[in-house]
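Coordinates as given in input.txt (compact mmCIF, C-alpha atoms and all ligand atoms):
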# COMPACT_ATOMS: atom_id res chain seq x y z
CA MET A 1 0.00 0.00 0.00
CA LEU A 2 0.98 3.59 -0.64
CA LYS A 3 -0.35 6.65 1.17
CA SER A 4 0.61 10.33 0.97
CA TYR A 5 -0.75 13.38 2.73
CA GLY A 6 -0.08 16.04 0.11
CA MET A 7 3.69 16.09 -0.26
CA ILE A 8 4.28 13.81 2.73
CA ARG A 9 4.77 10.21 1.73
CA ALA A 10 3.59 8.52 4.92
CA ILE A 11 3.51 4.94 3.57
CA ARG A 12 5.95 4.29 0.76
CA GLY A 13 4.89 0.85 -0.37
CA ILE A 14 4.39 -1.68 2.42
CA THR A 15 3.52 -5.31 1.78
CA LEU A 16 2.55 -7.39 4.78
CA ARG A 17 0.91 -10.69 5.64
CA ILE A 18 -0.56 -11.00 9.11
CA HIS A 19 -1.43 -14.49 10.34
CA ARG A 20 -4.68 -15.38 12.02
CA GLY A 21 -4.42 -15.76 15.78
CA GLU A 22 -1.14 -13.90 16.25
CA ILE A 23 -0.19 -10.76 18.11
CA PHE A 24 1.38 -8.73 15.33
CA GLY A 25 3.39 -5.70 16.39
CA VAL A 26 3.88 -2.59 14.26
CA ILE A 27 6.89 -0.79 15.61
CA GLY A 28 8.83 2.26 14.54
CA PRO A 29 10.06 5.66 15.65
CA ARG A 30 7.75 8.67 15.94
CA GLY A 31 6.32 9.74 12.60
CA SER A 32 7.38 6.52 10.86
CA GLY A 33 3.86 5.75 9.64
CA LYS A 34 2.46 3.36 12.27
CA THR A 35 -0.81 5.24 12.78
CA THR A 36 -1.31 5.70 9.05
CA LEU A 37 -0.74 1.99 8.47
CA ILE A 38 -3.23 1.01 11.20
CA GLU A 39 -5.78 3.51 9.85
CA LEU A 40 -5.37 2.07 6.35
CA LEU A 41 -5.92 -1.44 7.70
CA ILE A 42 -9.06 -0.36 9.55
CA GLY A 43 -10.37 1.54 6.54
CA ILE A 44 -10.38 5.00 8.17
CA GLN A 45 -7.81 6.13 5.60
CA LYS A 46 -7.93 5.22 1.97
CA ALA A 47 -4.70 4.07 0.30
CA ASP A 48 -3.57 5.92 -2.84
CA SER A 49 -2.85 2.52 -4.31
CA GLY A 50 -2.51 -1.05 -3.21
CA GLN A 51 -4.70 -3.92 -2.13
CA LEU A 52 -5.96 -4.98 1.27
CA HIS A 53 -7.52 -8.30 2.17
CA LEU A 54 -8.88 -8.89 5.64
CA LEU A 55 -10.27 -12.23 6.81
CA GLY A 56 -9.93 -13.46 3.25
CA MET A 57 -12.10 -10.63 1.87
CA ASP A 58 -11.28 -7.71 -0.38
CA ALA A 59 -11.46 -4.80 2.07
CA ASP A 60 -12.95 -2.41 -0.52
CA LYS A 61 -15.67 -4.74 -1.74
CA TYR A 62 -16.68 -6.09 1.64
CA ALA A 63 -16.18 -2.99 3.78
CA ASP A 64 -19.59 -3.27 5.49
CA GLN A 65 -19.18 -6.93 6.43
CA LEU A 66 -15.65 -6.30 7.63
CA LYS A 67 -16.70 -3.39 9.87
CA GLN A 68 -18.80 -5.87 11.81
CA ARG A 69 -15.84 -8.19 12.31
CA ILE A 70 -13.07 -5.84 13.37
CA GLY A 71 -12.52 -3.78 16.49
CA PHE A 72 -10.11 -0.94 17.02
CA GLN A 73 -8.71 1.47 19.56
CA LEU A 74 -7.08 4.59 18.16
CA GLN A 75 -4.55 6.82 19.91
CA ASP A 76 -7.04 9.60 20.49
CA THR A 77 -9.89 7.95 22.37
CA SER A 78 -12.21 10.92 21.58
CA LEU A 79 -15.02 9.61 23.75
CA HIS A 80 -17.89 11.93 24.49
CA ASP A 81 -17.33 13.40 27.97
CA ARG A 82 -20.92 13.61 29.15
CA ILE A 83 -21.85 9.98 28.87
CA LYS A 84 -21.54 7.29 31.50
CA VAL A 85 -19.24 4.32 30.93
CA LYS A 86 -22.15 1.87 31.02
CA GLU A 87 -24.08 3.96 28.48
CA VAL A 88 -21.24 4.28 25.99
CA LEU A 89 -20.65 0.52 26.12
CA GLN A 90 -24.33 -0.19 25.51
CA LEU A 91 -24.49 2.40 22.73
CA PHE A 92 -21.48 1.05 20.80
CA ARG A 93 -22.67 -2.53 21.28
CA SER A 94 -26.02 -1.65 19.75
CA TYR A 95 -24.30 -0.80 16.43
CA TYR A 96 -23.29 -4.39 15.78
CA LYS A 97 -25.07 -7.59 14.80
CA LYS A 98 -22.65 -9.87 16.64
CA LYS A 99 -22.18 -8.89 20.28
CA ARG A 100 -19.88 -10.03 23.04
CA ASN A 101 -21.42 -10.47 26.47
CA LEU A 102 -21.06 -7.07 28.13
CA ASN A 103 -20.62 -8.45 31.64
CA GLU A 104 -17.74 -10.53 30.39
CA ILE A 105 -16.03 -7.47 28.89
CA ILE A 106 -16.65 -5.48 32.06
CA SER A 107 -15.17 -8.23 34.17
CA MET A 108 -12.19 -8.83 31.85
CA LEU A 109 -11.30 -5.12 31.95
CA ALA A 110 -12.25 -4.61 35.63
CA LEU A 111 -14.63 -1.79 34.66
CA GLN A 112 -17.33 -2.57 37.25
CA PRO A 113 -16.46 0.30 39.68
CA TYR A 114 -16.56 2.83 36.83
CA LEU A 115 -19.80 1.93 35.08
CA ASN A 116 -21.79 4.82 36.53
CA GLN A 117 -19.04 7.39 36.15
CA TYR A 118 -19.02 9.98 33.40
CA VAL A 119 -16.19 9.65 30.89
CA MET A 120 -14.97 13.14 31.82
CA ASP A 121 -14.35 11.98 35.41
CA LEU A 122 -12.06 9.10 34.39
CA THR A 123 -8.27 9.24 34.44
CA GLU A 124 -6.51 8.86 31.07
CA ASN A 125 -5.68 5.24 31.97
CA TRP A 126 -9.33 4.41 32.49
CA LYS A 127 -10.48 6.33 29.42
CA GLN A 128 -8.12 4.15 27.42
CA ARG A 129 -9.50 1.08 29.16
CA VAL A 130 -13.03 2.09 28.13
CA ALA A 131 -11.85 2.68 24.55
CA PHE A 132 -10.36 -0.81 24.61
CA ALA A 133 -13.65 -2.23 25.89
CA LEU A 134 -15.44 -0.54 22.97
CA ALA A 135 -13.11 -2.35 20.58
CA LEU A 136 -14.43 -5.66 21.96
CA VAL A 137 -18.21 -5.11 22.01
CA ASN A 138 -18.75 -6.86 18.65
CA ASP A 139 -16.51 -9.81 19.58
CA PRO A 140 -14.24 -8.98 16.63
CA ASP A 141 -12.02 -11.46 14.82
CA ILE A 142 -9.27 -8.86 14.41
CA ILE A 143 -8.46 -6.18 16.95
CA PHE A 144 -6.33 -3.18 15.94
CA LEU A 145 -4.77 -1.06 18.65
CA ASP A 146 -2.72 2.07 17.99
CA GLU A 147 -0.13 2.56 20.74
CA PRO A 148 -2.51 1.32 23.45
CA SER A 149 0.19 1.25 26.11
CA SER A 150 1.40 4.79 25.50
CA GLY A 151 1.04 6.82 28.67
CA LEU A 152 -0.12 3.84 30.73
CA GLU A 153 1.41 3.14 34.11
CA PRO A 154 3.51 -0.07 34.26
CA GLN A 155 0.78 -2.01 36.11
CA ALA A 156 -1.82 -1.00 33.50
CA GLN A 157 0.59 -1.97 30.70
CA THR A 158 1.05 -5.42 32.21
CA GLU A 159 -2.72 -5.84 32.52
CA LEU A 160 -3.20 -4.75 28.91
CA TRP A 161 -0.79 -7.39 27.59
CA THR A 162 -2.36 -10.07 29.80
CA ILE A 163 -5.74 -9.27 28.26
CA LEU A 164 -4.33 -9.23 24.73
CA LYS A 165 -2.82 -12.66 25.30
CA ARG A 166 -6.14 -13.94 26.63
CA LEU A 167 -7.82 -12.68 23.44
CA ARG A 168 -5.15 -14.37 21.35
CA GLY A 169 -5.96 -17.55 23.28
CA GLU A 170 -9.54 -17.21 21.98
CA GLY A 171 -8.17 -17.21 18.42
CA LYS A 172 -8.38 -13.45 17.86
CA THR A 173 -5.81 -11.72 15.66
CA ILE A 174 -4.28 -8.67 17.31
CA VAL A 175 -2.45 -5.91 15.46
CA VAL A 176 -0.83 -3.48 17.84
CA SER A 177 1.49 -0.55 17.26
CA THR A 178 4.10 0.65 19.69
CA SER A 179 7.20 2.80 19.67
CA GLN A 180 8.77 0.61 22.38
CA MET A 181 10.96 -2.11 20.89
CA GLU A 182 11.27 -3.79 24.27
CA GLU A 183 7.50 -4.13 24.59
CA ALA A 184 7.16 -5.60 21.11
CA GLN A 185 10.00 -8.02 21.76
CA GLN A 186 8.42 -9.18 24.99
CA HIS A 187 4.85 -9.69 23.83
CA CYS A 188 4.43 -9.93 20.05
CA ASP A 189 4.59 -13.11 17.99
CA ARG A 190 5.88 -11.21 14.95
CA VAL A 191 6.86 -7.62 14.41
CA ALA A 192 6.92 -5.27 11.43
CA LEU A 193 9.50 -2.56 11.82
CA ILE A 194 8.44 0.59 9.94
CA VAL A 195 10.95 3.36 9.32
CA GLY A 196 10.18 6.39 7.14
CA GLY A 197 7.02 4.78 5.79
CA GLU A 198 8.87 1.67 4.63
CA LEU A 199 8.88 -1.86 5.97
CA SER A 200 12.41 -2.37 7.24
CA LEU A 201 12.06 -5.78 8.85
CA CYS A 202 9.21 -8.22 9.44
CA ASN A 203 10.04 -11.18 11.59
CA THR A 204 9.86 -12.70 15.05
CA PRO A 205 11.05 -10.39 17.83
CA GLN A 206 13.98 -12.75 18.48
CA GLU A 207 15.13 -12.51 14.88
CA ILE A 208 14.75 -8.72 14.83
CA LYS A 209 16.72 -8.48 18.06
CA ARG A 210 19.44 -10.62 16.53
CA LYS A 211 19.67 -8.35 13.49
CA LEU A 212 19.57 -5.13 15.48
CA SER A 213 22.12 -5.64 18.19
CA PHE A 214 21.68 -2.32 19.93
CA GLY A 215 20.28 -1.21 23.25
CA ILE A 216 16.56 -1.17 22.68
CA ASN A 217 14.60 2.07 22.35
CA GLU A 218 17.60 3.87 20.94
CA VAL A 219 15.89 5.17 17.88
CA ASP A 220 18.89 6.92 16.28
CA GLN A 221 20.92 3.75 16.69
CA MET A 222 18.07 1.81 15.15
CA ASN A 223 18.03 4.06 12.09
CA LEU A 224 21.78 3.71 11.72
CA GLN A 225 21.64 -0.04 11.96
CA LEU A 226 18.77 -0.25 9.53
CA THR A 227 20.67 1.82 7.03
CA SER A 228 23.64 -0.51 7.30
CA LEU A 229 21.38 -3.58 7.00
CA ARG A 230 19.83 -2.02 3.89
CA TRP A 231 23.28 -1.58 2.38
CA ARG A 232 23.88 -5.26 3.01
CA GLY A 233 20.51 -6.10 1.44
CA GLU A 234 19.21 -7.75 4.60
CA THR A 235 16.05 -5.80 5.23
CA ALA A 236 12.51 -6.97 4.40
N1 LIG B 1 -3.45 13.98 8.56
C1 LIG B 1 -2.18 14.19 8.22
N2 LIG B 1 -1.85 15.21 7.40
C2 LIG B 1 -0.57 15.42 7.01
N3 LIG B 1 0.48 14.67 7.42
C3 LIG B 1 0.20 13.63 8.24
C4 LIG B 1 -1.12 13.35 8.69
N4 LIG B 1 -1.08 12.27 9.50
C5 LIG B 1 0.22 11.90 9.56
N5 LIG B 1 0.98 12.72 8.81
C6 LIG B 1 2.44 12.61 8.58
O1 LIG B 1 2.68 11.31 8.06
C7 LIG B 1 3.86 10.75 8.63
C8 LIG B 1 3.50 9.46 9.36
O2 LIG B 1 2.70 9.81 10.48
P1 LIG B 1 2.05 8.72 11.44
O3 LIG B 1 1.20 9.44 12.44
O4 LIG B 1 1.39 7.67 10.62
O5 LIG B 1 3.33 8.11 12.14
P2 LIG B 1 3.46 7.35 13.56
O6 LIG B 1 4.56 6.38 13.40
O7 LIG B 1 2.14 6.81 13.96
O8 LIG B 1 3.89 8.52 14.53
P3 LIG B 1 3.61 8.65 16.11
O9 LIG B 1 4.41 7.58 16.78
O10 LIG B 1 4.10 10.03 16.40
O11 LIG B 1 2.13 8.50 16.31
C9 LIG B 1 4.44 11.82 9.54
O12 LIG B 1 5.39 12.54 8.77
C10 LIG B 1 3.25 12.69 9.87
O13 LIG B 1 3.65 14.01 10.15
Would you put the structure from the file into structure tokens?
Ligand SMILES: Nc1ncnc2c1ncn2[C@@H]1O[C@H](COP(=O)(O)OP(=O)(O)OP(=O)(O)O)[C@@H](O)[C@H]1O
Amino acid sequence: MLKSYGMIRAIRGITLRIHRGEIFGVIGPRGSGKTTLIELLIGIQKADSGQLHLLGMDADKYADQLKQRIGFQLQDTSLHDRIKVKEVLQLFRSYYKKKRNLNEIISMLALQPYLNQYVMDLTENWKQRVAFALALVNDPDIIFLDEPSSGLEPQAQTELWTILKRLRGEGKTIVVSTSQMEEAQQHCDRVALIVGGELSLCNTPQEIKRKLSFGINEVDQMNLQLTSLRWRGETA
């Protein structure tokens, strides 16, 4: 897929295959194109060219059917402030034909104490938790999450990954972006490394770690190493 915003070439030709039932990480430095890629996969952005198949279906042709079968949490939760948690969950759930049991979602995400609170009274952590719950109301086959752990406290991050692994255990496919290499290495089955809108590497975290032998999270180092790998023709 290719995607530009005016003169900015955000996605410069990425080809990917994501396997059913895996936690697939999209990792890269700030501004590398992670959000754009996730938004293209969800259908919020339209690619300038390229093809997308989700769940074996052409994403253009079967957009309506696919909307029912995917869930997503974007970086900006943009939930309406003056609605209670319980109400927003019920509202979003009403949009879908297939529905996951709400009590089960509430229990999985420990939302019970917050159900009667207004969104505006929640901390950022809990707003994100509600946004995550909304991504699950239709019991989706694929769940897309754009930097869900960003800004979360360590305990909340651990809980998030525990829940994602539980969902993987149910056979769900999870596509999750992060700018933290360490996080991707610890939790993802496979990782796509995006730099400057290009796919630099796509492999297991172990293999990526082997190829990039630097202290993780050192983005400048990562760019340097990727450049040298590219010279040696070793990138994806
Ligand atoms: N709506 C937009 N209009 C113009 N340029 C955009 C728009 N959205 C993103 N960009 C640009 O496209 C490039 C990729 O941005 P994108 O948000 O996809 O990257 P990212 O890896 O998700 O970054 P971050 O980690 O900061 O969220 C950047 O140069 C960004 O400035």
- Go ahead and compute the interatomic distance for CA of Asn125 (chain A) and CA of Lys165 (chain A), in Å to one decimal.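 That distance, rounded to one decimal, is 19.3 Å.
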- Could you tell me, as JSON, numbers by chain, which residues have any atom at most 9 Å from (-15.4, -0.8, 30.0), counting all atoms listed in the file? {"A": [85, 86, 88, 89, 102, 105, 106, 107, 108, 109, 110, 111, 112, 114, 115, 126, 127, 129, 130, 131, 132, 133, 134]}
With only C-alpha atoms and all ligand atoms counted, collect every polymer residue having an atom within 7 Å of ligand LIG 1 (chain B); state the result as an mmCIF file with C-alpha atoms, keeping the file's coordinate frame.
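This went into selection12.cif:
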data_model
loop_
_atom_site.group_PDB
_atom_site.id
_atom_site.type_symbol
_atom_site.label_atom_id
_atom_site.label_comp_id
_atom_site.auth_asym_id
_atom_site.auth_seq_id
_atom_site.Cartn_x
_atom_site.Cartn_y
_atom_site.Cartn_z
ATOM 1 C CA TYR A 5 -0.750 13.380 2.730
ATOM 2 C CA GLY A 6 -0.080 16.040 0.110
ATOM 3 C CA ILE A 8 4.280 13.810 2.730
ATOM 4 C CA ARG A 9 4.770 10.210 1.730
ATOM 5 C CA ALA A 10 3.590 8.520 4.920
ATOM 6 C CA GLY A 28 8.830 2.260 14.540
ATOM 7 C CA PRO A 29 10.060 5.660 15.650
ATOM 8 C CA ARG A 30 7.750 8.670 15.940
ATOM 9 C CA GLY A 31 6.320 9.740 12.600
ATOM 10 C CA SER A 32 7.380 6.520 10.860
ATOM 11 C CA GLY A 33 3.860 5.750 9.640
ATOM 12 C CA LYS A 34 2.460 3.360 12.270
ATOM 13 C CA THR A 35 -0.810 5.240 12.780
ATOM 14 C CA THR A 36 -1.310 5.700 9.050
ATOM 15 C CA LEU A 37 -0.740 1.990 8.470
ATOM 16 C CA SER A 179 7.200 2.800 19.670
ATOM 17 C CA GLY A 197 7.020 4.780 5.790
#
- Message: Please determine, counting all atoms listed in the file, which residue among A:Val176, A:Leu54, A:Ile23, A:Leu201 has the shortest atom-to-atom distance to Glu147 (chain A).
- Response: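 With all atoms listed in the file as the atom set, the closest residue is A:Val176.
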- Separation of CA of Arg17 (chain A) and CA of Glu159 (chain A), in Å? 27.6 Å
What are the centre and edge lengths in Å, to one decimal, of the axis-aligned box around all listed atoms of region 173-186 of chain A with 4 Å added on each side, as lines of an AutoDock Vina configuration file?
center_x = 2.7
center_y = -4.5
center_z = 20.2
size_x = 25.1
size_y = 22.5
size_z = 17.5
- Item | Atom pair CA of Ile42 (chain A) / CA of Tyr62 (chain A): separation (Å) |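 About the pair CA of Ile42 (chain A) and CA of Tyr62 (chain A): they are 12.4 Å apart.
Remark: for Gly196 (chain A), the closest of the candidate residues A:Phe92, A:Lys3, A:Ala59, A:Arg12 is A:Arg12 (distances computed over only C-alpha atoms).
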- Message: Just want the 12 Å neighbourhood of Asp60 (chain A), counted on only C-alpha atoms, with same-chain residues fewer than 2 positions away dropped. Output as a PyMOL selection string.
- Response: chain A and resi 40-47+49-54+57-58+62-67
Selected residues written out with C-alpha atoms, as a PDB file, in the coordinates of the input:
ATOM      1  CA  LEU A  40      -5.370   2.070   6.350  1.00  0.00           C
ATOM      2  CA  LEU A  41      -5.920  -1.440   7.700  1.00  0.00           C
ATOM      3  CA  ILE A  42      -9.060  -0.360   9.550  1.00  0.00           C
ATOM      4  CA  GLY A  43     -10.370   1.540   6.540  1.00  0.00           C
ATOM      5  CA  ILE A  44     -10.380   5.000   8.170  1.00  0.00           C
ATOM      6  CA  GLN A  45      -7.810   6.130   5.600  1.00  0.00           C
ATOM      7  CA  LYS A  46      -7.930   5.220   1.970  1.00  0.00           C
ATOM      8  CA  ALA A  47      -4.700   4.070   0.300  1.00  0.00           C
ATOM      9  CA  SER A  49      -2.850   2.520  -4.310  1.00  0.00           C
ATOM     10  CA  GLY A  50      -2.510  -1.050  -3.210  1.00  0.00           C
ATOM     11  CA  GLN A  51      -4.700  -3.920  -2.130  1.00  0.00           C
ATOM     12  CA  LEU A  52      -5.960  -4.980   1.270  1.00  0.00           C
ATOM     13  CA  HIS A  53      -7.520  -8.300   2.170  1.00  0.00           C
ATOM     14  CA  LEU A  54      -8.880  -8.890   5.640  1.00  0.00           C
ATOM     15  CA  MET A  57     -12.100 -10.630   1.870  1.00  0.00           C
ATOM     16  CA  ASP A  58     -11.280  -7.710  -0.380  1.00  0.00           C
ATOM     17  CA  TYR A  62     -16.680  -6.090   1.640  1.00  0.00           C
ATOM     18  CA  ALA A  63     -16.180  -2.990   3.780  1.00  0.00           C
ATOM     19  CA  ASP A  64     -19.590  -3.270   5.490  1.00  0.00           C
ATOM     20  CA  GLN A  65     -19.180  -6.930   6.430  1.00  0.00           C
ATOM     21  CA  LEU A  66     -15.650  -6.300   7.630  1.00  0.00           C
ATOM     22  CA  LYS A  67     -16.700  -3.390   9.870  1.00  0.00           C
TER      23      LYS A  67
END
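Among the candidates A:Gly21, A:Pro154, A:Gly13, A:Gly56, the one nearest to Arg166 (chain A) when counting only C-alpha atoms is A:Gly21.
Proximity of A:Arg100, A:Cys188, A:Leu212, A:Thr204 to Phe24 (chain A), computed with all atoms listed in the file, is greatest for A:Cys188.
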- Query: Of the candidates A:Lys99, A:Arg93, A:Arg20, A:Lys84, which one gets nearest to Ile143 (chain A) if we count all atoms listed in the file?
  - Reply: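 When distances to Ile143 (chain A) are compared using all atoms listed in the file, the smallest one comes from A:Arg20.
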